[in-house]
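A.B. asks: One structure, pasted below without further comment.
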Amino acid sequence: MLIKGLQKTTLIDYPGKIACTLFLFGCNFRCDFCHNPELVVSDGGEIYREEEVLEFLENRRKYLDGACITGGEPLGWLDLDFVRKIKDMGYKIKIDTNGSFPEKLKLLIDEGLIDYVAMDIKAGRDKYELVVNSKVDLDKIEESIRIISGFENHEFRTTILPRFHDENEIRRMMEWVKDLAGEKMGKYYLQGFKNQGKFVGKGFEMEGDVGEDYLDRLKAVAEEHFNDVVVRV
């Protein structure tokens with residue numbers, strides 16, 4: 001497990017909590033449009049020692065409610081003993097995942113080690129490998145959707161790019177997810193792509209930011225299947 005980043009305070013990553021965010025290196029997907037290449041492809045940058053992070057968390061117990069663990073894809077490399085140490089300090093823990101590791105996700109939930117889960121759903125079944133630029137075991141993605149939808153505090157989200165996501169694609173996605181999650185669905189966030197000038201792959205350098213108008217069009221389609229759809233610009 002390599003910790004490549006520590007955001008000491010965030011008011012937006014963990015809904016309703018003052019938290020910090022830990023960024024773990026490594027991802028089994030290669031989404032070209034990902035704006036965190038330093039978490040996917042080694043850049044030789046700084047690595048935080050686990051002891052250093054735990055000491056920071058111990059000293060911030062009076063000021064922080066939670067810790068967000070993200071990536072990359074944290075569940076591929078996350079050390080459960082490290083999570084237990086954070087939990088033992090009294091922190092609420094949020095995990096971001098792409099859904100590739102349902103067994104580890106279930107273990108974390110069964111042991112009571114996490115309090116909130118956010119899963120990125122990249123596209124509908126037919127486009128998944130195109131969007132993530134990798135081979136995907138869709139059975140594992142589906143199992144994670146089932147697990148998360150049965151967990152009280154969760155959200156699903158999709159980063160929207162017009163070249164991948166139009167009204168028809170959103171309709172296919174929502175039908176797929178609804179079939180797996182049933183009525184236990186929490187919030188579904190449609191978040192617009194932002195061009196931050198750095199990417200894992202090529203071909204997105206001239207891609208424009210996705211605005212609220214486009215997201216609202218897709219939101220109207222998503223709401224045919226789910227009540228709690230939220231736009232993030």
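Lettering and numbering for the structure tokens are positional, with chains as A, B, ... in the shown order, residues counted from 1 in each chain, and ligands counted from 1 in the shown order.
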With range 145-157 of chain A as the partner and 12 Å as the cut-off, tabulate the residues of range 17-128 of chain A that qualify, each row holding the nearest pair of atoms and their distance in Å to one decimal, using only C-alpha atoms, sorted by chain and rising number, as JSON lines.
C.D. replies:
```
{"residue": "A:Lys92", "atom": "CA", "partner": "A:Asn153", "partner_atom": "CA", "distance": 11.5}
{"residue": "A:Ile93", "atom": "CA", "partner": "A:Asn153", "partner_atom": "CA", "distance": 11.1}
{"residue": "A:Lys94", "atom": "CA", "partner": "A:His154", "partner_atom": "CA", "distance": 9.2}
{"residue": "A:Ile95", "atom": "CA", "partner": "A:His154", "partner_atom": "CA", "distance": 9.6}
{"residue": "A:Asp96", "atom": "CA", "partner": "A:Glu155", "partner_atom": "CA", "distance": 9.6}
{"residue": "A:Thr97", "atom": "CA", "partner": "A:Phe156", "partner_atom": "CA", "distance": 9.9}
{"residue": "A:Asn98", "atom": "CA", "partner": "A:Phe156", "partner_atom": "CA", "distance": 9.9}
{"residue": "A:Gly99", "atom": "CA", "partner": "A:Ile145", "partner_atom": "CA", "distance": 7.3}
{"residue": "A:Ser100", "atom": "CA", "partner": "A:Ile145", "partner_atom": "CA", "distance": 10.2}
{"residue": "A:Phe101", "atom": "CA", "partner": "A:Ile145", "partner_atom": "CA", "distance": 11.0}
{"residue": "A:Pro102", "atom": "CA", "partner": "A:Ile147", "partner_atom": "CA", "distance": 7.6}
{"residue": "A:Glu103", "atom": "CA", "partner": "A:Ile147", "partner_atom": "CA", "distance": 9.7}
{"residue": "A:Lys104", "atom": "CA", "partner": "A:Ile147", "partner_atom": "CA", "distance": 11.1}
{"residue": "A:Leu105", "atom": "CA", "partner": "A:Ile147", "partner_atom": "CA", "distance": 8.1}
{"residue": "A:Lys106", "atom": "CA", "partner": "A:Ile147", "partner_atom": "CA", "distance": 7.0}
{"residue": "A:Leu107", "atom": "CA", "partner": "A:Ile147", "partner_atom": "CA", "distance": 10.7}
{"residue": "A:Leu108", "atom": "CA", "partner": "A:Ile147", "partner_atom": "CA", "distance": 11.3}
{"residue": "A:Ile109", "atom": "CA", "partner": "A:Phe151", "partner_atom": "CA", "distance": 8.1}
{"residue": "A:Asp110", "atom": "CA", "partner": "A:Phe151", "partner_atom": "CA", "distance": 10.3}
{"residue": "A:Gly112", "atom": "CA", "partner": "A:Phe151", "partner_atom": "CA", "distance": 11.1}
{"residue": "A:Ile114", "atom": "CA", "partner": "A:Asn153", "partner_atom": "CA", "distance": 9.7}
{"residue": "A:Asp115", "atom": "CA", "partner": "A:Asn153", "partner_atom": "CA", "distance": 6.7}
{"residue": "A:Tyr116", "atom": "CA", "partner": "A:Asn153", "partner_atom": "CA", "distance": 4.9}
{"residue": "A:Val117", "atom": "CA", "partner": "A:His154", "partner_atom": "CA", "distance": 4.7}
{"residue": "A:Ala118", "atom": "CA", "partner": "A:Glu155", "partner_atom": "CA", "distance": 4.8}
{"residue": "A:Met119", "atom": "CA", "partner": "A:Phe156", "partner_atom": "CA", "distance": 4.9}
{"residue": "A:Asp120", "atom": "CA", "partner": "A:Arg157", "partner_atom": "CA", "distance": 5.0}
{"residue": "A:Ile121", "atom": "CA", "partner": "A:Arg157", "partner_atom": "CA", "distance": 6.0}
{"residue": "A:Lys122", "atom": "CA", "partner": "A:Arg157", "partner_atom": "CA", "distance": 8.2}
{"residue": "A:Ala123", "atom": "CA", "partner": "A:Arg157", "partner_atom": "CA", "distance": 10.3}
```
A.B. asks: Would you list the contacts of range 53-59 of chain A as a list in words, taking every protein, DNA or RNA residue within 7 Å and counting only C-alpha atoms, but skipping same-chain residues closer than 4 positions in sequence?
C.D. replies: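 My list of contacting residues is Tyr48, Arg49 and Met89 of chain A.
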A.B. asks: Within 12 Å of Arg60 in chain A, counting only C-alpha atoms, which residues show up once you throw out same-chain ones fewer than 6 positions away? Write them as a count of residues only, please.
C.D. replies: 13
A.B. asks: Which neighbours of Pro37 in chain A fall inside 7 Å, counting only C-alpha atoms, when residues of the same chain fewer than 4 positions from it are skipped, and could you give them as a list of chain:residue names?
C.D. replies: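 My list of contacting residues is A:Val41, A:Phe199, A:Val200.
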A.B. asks: Generate a file of the selected residues that holds N, CA and C atoms, formatted as a compact mmCIF listing (two decimals), in the first residue's frame.
C.D. replies:
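Output below, filename selection.txt:
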```
# COMPACT_ATOMS: atom_id res chain seq x y z
N VAL A 41 -0.10 6.00 -12.66
CA VAL A 41 1.21 5.70 -13.25
C VAL A 41 2.27 6.37 -12.39
N PHE A 199 -3.85 14.13 -17.70
CA PHE A 199 -4.67 12.93 -17.88
C PHE A 199 -3.78 11.69 -17.89
N VAL A 200 -4.41 10.55 -17.64
CA VAL A 200 -3.70 9.28 -17.74
C VAL A 200 -3.34 8.99 -19.19
```
A.B. asks: From the options A:Ile47, A:Leu190, A:Leu215, A:Ile12, which residue's atoms come nearest to Val229 in chain A, counting only C-alpha atoms?
C.D. replies: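 Of A:Ile47, A:Leu190, A:Leu215, A:Ile12, the one nearest Val229 in chain A, counting only C-alpha atoms, is A:Leu190.
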A.B. asks: I need the residue nearest Met1 in chain A from this list: A:Trp77, A:Tyr128, A:Phe204, A:Tyr14. Use only C-alpha atoms for the distance.
C.D. replies: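 Checking each candidate against Met1 in chain A, we get A:Trp77 as the closest.
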A.B. asks: Take CA of Pro162 in chain A and CA of Val210 in chain A and report the distance between them in Å, one decimal.
C.D. replies: 7.8 Å
A.B. asks: Would you return as a PyMOL selection string the members of range 2-208 of chain A that DSSP assigns to strand (DSSP E) on this structure's backbone?
C.D. replies: chain A and resi 3-10+19-24+66-70+92-97+116-120+154-160+187-192
A.B. asks: Suppose you want the space between CA of Cys31 in chain A and CA of Leu130 in chain A; what is it in Å?
C.D. replies: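 Interatomic distance here is 8.8 Å.
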A.B. asks: Quick one: everything within 8 Å of Leu161 in chain A, counting only C-alpha atoms, minus sequence neighbours fewer than 3 positions away in the same chain. Send it as a PyMOL selection string.
C.D. replies: chain A and resi 164-165+192-193+210
A.B. asks: For the alpha helix (DSSP H) assignment from backbone DSSP, which residues of range 1-213 of chain A qualify? Please present them as JSON, numbers by chain.
C.D. replies: {"A": [37, 38, 39, 40, 50, 51, 52, 53, 54, 55, 56, 57, 58, 59, 80, 81, 82, 83, 84, 85, 86, 87, 88, 102, 103, 104, 105, 106, 107, 108, 109, 110, 128, 129, 130, 131, 132, 138, 139, 140, 141, 142, 143, 144, 145, 146, 147, 148, 149, 167, 168, 169, 170, 171, 172, 173, 174, 175, 176, 177, 178, 179, 180, 181, 212, 213]}
A.B. asks: Take the selection from the previous step and output its residues with C-alpha atoms, as an mmCIF file, in the first residue's frame.
C.D. replies:
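The resulting file, again_39.cif, is reproduced below:
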```
data_model
loop_
_atom_site.group_PDB
_atom_site.id
_atom_site.type_symbol
_atom_site.label_atom_id
_atom_site.label_comp_id
_atom_site.auth_asym_id
_atom_site.auth_seq_id
_atom_site.Cartn_x
_atom_site.Cartn_y
_atom_site.Cartn_z
ATOM 1 C CA PRO A 37 -2.124 10.168 -13.397
ATOM 2 C CA GLU A 38 0.186 10.408 -10.392
ATOM 3 C CA LEU A 39 -2.091 7.873 -8.656
ATOM 4 C CA VAL A 40 -2.240 5.507 -11.638
ATOM 5 C CA GLU A 50 1.858 4.966 7.299
ATOM 6 C CA GLU A 51 3.232 5.989 10.690
ATOM 7 C CA GLU A 52 3.303 9.603 9.558
ATOM 8 C CA VAL A 53 -0.345 9.477 8.498
ATOM 9 C CA LEU A 54 -1.451 7.720 11.678
ATOM 10 C CA GLU A 55 0.371 10.307 13.784
ATOM 11 C CA PHE A 56 -1.388 13.092 11.871
ATOM 12 C CA LEU A 57 -4.760 11.431 12.460
ATOM 13 C CA GLU A 58 -4.036 10.926 16.158
ATOM 14 C CA ASN A 59 -3.215 14.614 16.530
ATOM 15 C CA LEU A 80 -6.967 -3.713 6.580
ATOM 16 C CA ASP A 81 -4.806 -3.340 9.688
ATOM 17 C CA PHE A 82 -4.201 0.266 8.681
ATOM 18 C CA VAL A 83 -7.967 0.807 8.423
ATOM 19 C CA ARG A 84 -8.488 -0.820 11.824
ATOM 20 C CA LYS A 85 -6.003 1.587 13.404
ATOM 21 C CA ILE A 86 -7.878 4.568 11.955
ATOM 22 C CA LYS A 87 -11.205 3.139 13.085
ATOM 23 C CA ASP A 88 -9.856 2.533 16.592
ATOM 24 C CA PRO A 102 -16.372 -6.928 -4.069
ATOM 25 C CA GLU A 103 -14.819 -9.533 -1.745
ATOM 26 C CA LYS A 104 -12.664 -6.947 0.011
ATOM 27 C CA LEU A 105 -15.538 -4.472 0.050
ATOM 28 C CA LYS A 106 -17.785 -7.027 1.756
ATOM 29 C CA LEU A 107 -15.075 -7.855 4.279
ATOM 30 C CA LEU A 108 -14.698 -4.199 5.240
ATOM 31 C CA ILE A 109 -18.452 -3.842 5.652
ATOM 32 C CA ASP A 110 -18.855 -7.115 7.575
ATOM 33 C CA TYR A 128 -17.592 -0.354 -19.828
ATOM 34 C CA GLU A 129 -14.308 -1.611 -21.260
ATOM 35 C CA LEU A 130 -14.234 1.193 -23.817
ATOM 36 C CA VAL A 131 -14.562 3.857 -21.125
ATOM 37 C CA VAL A 132 -12.088 2.356 -18.651
ATOM 38 C CA LEU A 138 -18.538 -7.168 -15.045
ATOM 39 C CA ASP A 139 -19.707 -9.870 -12.640
ATOM 40 C CA LYS A 140 -17.577 -8.174 -9.977
ATOM 41 C CA ILE A 141 -18.924 -4.747 -10.856
ATOM 42 C CA GLU A 142 -22.460 -6.080 -10.525
ATOM 43 C CA GLU A 143 -21.692 -7.788 -7.220
ATOM 44 C CA SER A 144 -20.322 -4.533 -5.816
ATOM 45 C CA ILE A 145 -23.474 -2.691 -6.887
ATOM 46 C CA ARG A 146 -25.569 -5.268 -5.033
ATOM 47 C CA ILE A 147 -23.404 -5.083 -1.917
ATOM 48 C CA ILE A 148 -23.316 -1.297 -1.819
ATOM 49 C CA SER A 149 -27.020 -0.859 -2.477
ATOM 50 C CA GLU A 167 -29.498 10.260 -22.971
ATOM 51 C CA ASN A 168 -29.631 6.739 -24.409
ATOM 52 C CA GLU A 169 -26.508 5.635 -22.538
ATOM 53 C CA ILE A 170 -27.816 7.045 -19.262
ATOM 54 C CA ARG A 171 -31.102 5.214 -19.790
ATOM 55 C CA ARG A 172 -29.252 1.934 -20.356
ATOM 56 C CA MET A 173 -27.102 2.533 -17.282
ATOM 57 C CA MET A 174 -30.030 3.326 -15.047
ATOM 58 C CA GLU A 175 -31.982 0.279 -16.206
ATOM 59 C CA TRP A 176 -28.952 -1.908 -15.505
ATOM 60 C CA VAL A 177 -28.257 -0.477 -12.058
ATOM 61 C CA LYS A 178 -31.924 -0.456 -11.072
ATOM 62 C CA ASP A 179 -32.175 -4.141 -11.957
ATOM 63 C CA LEU A 180 -29.265 -4.855 -9.584
ATOM 64 C CA ALA A 181 -30.047 -2.413 -6.777
ATOM 65 C CA GLU A 212 -24.960 22.117 -15.813
ATOM 66 C CA ASP A 213 -27.354 22.285 -18.773
#
```
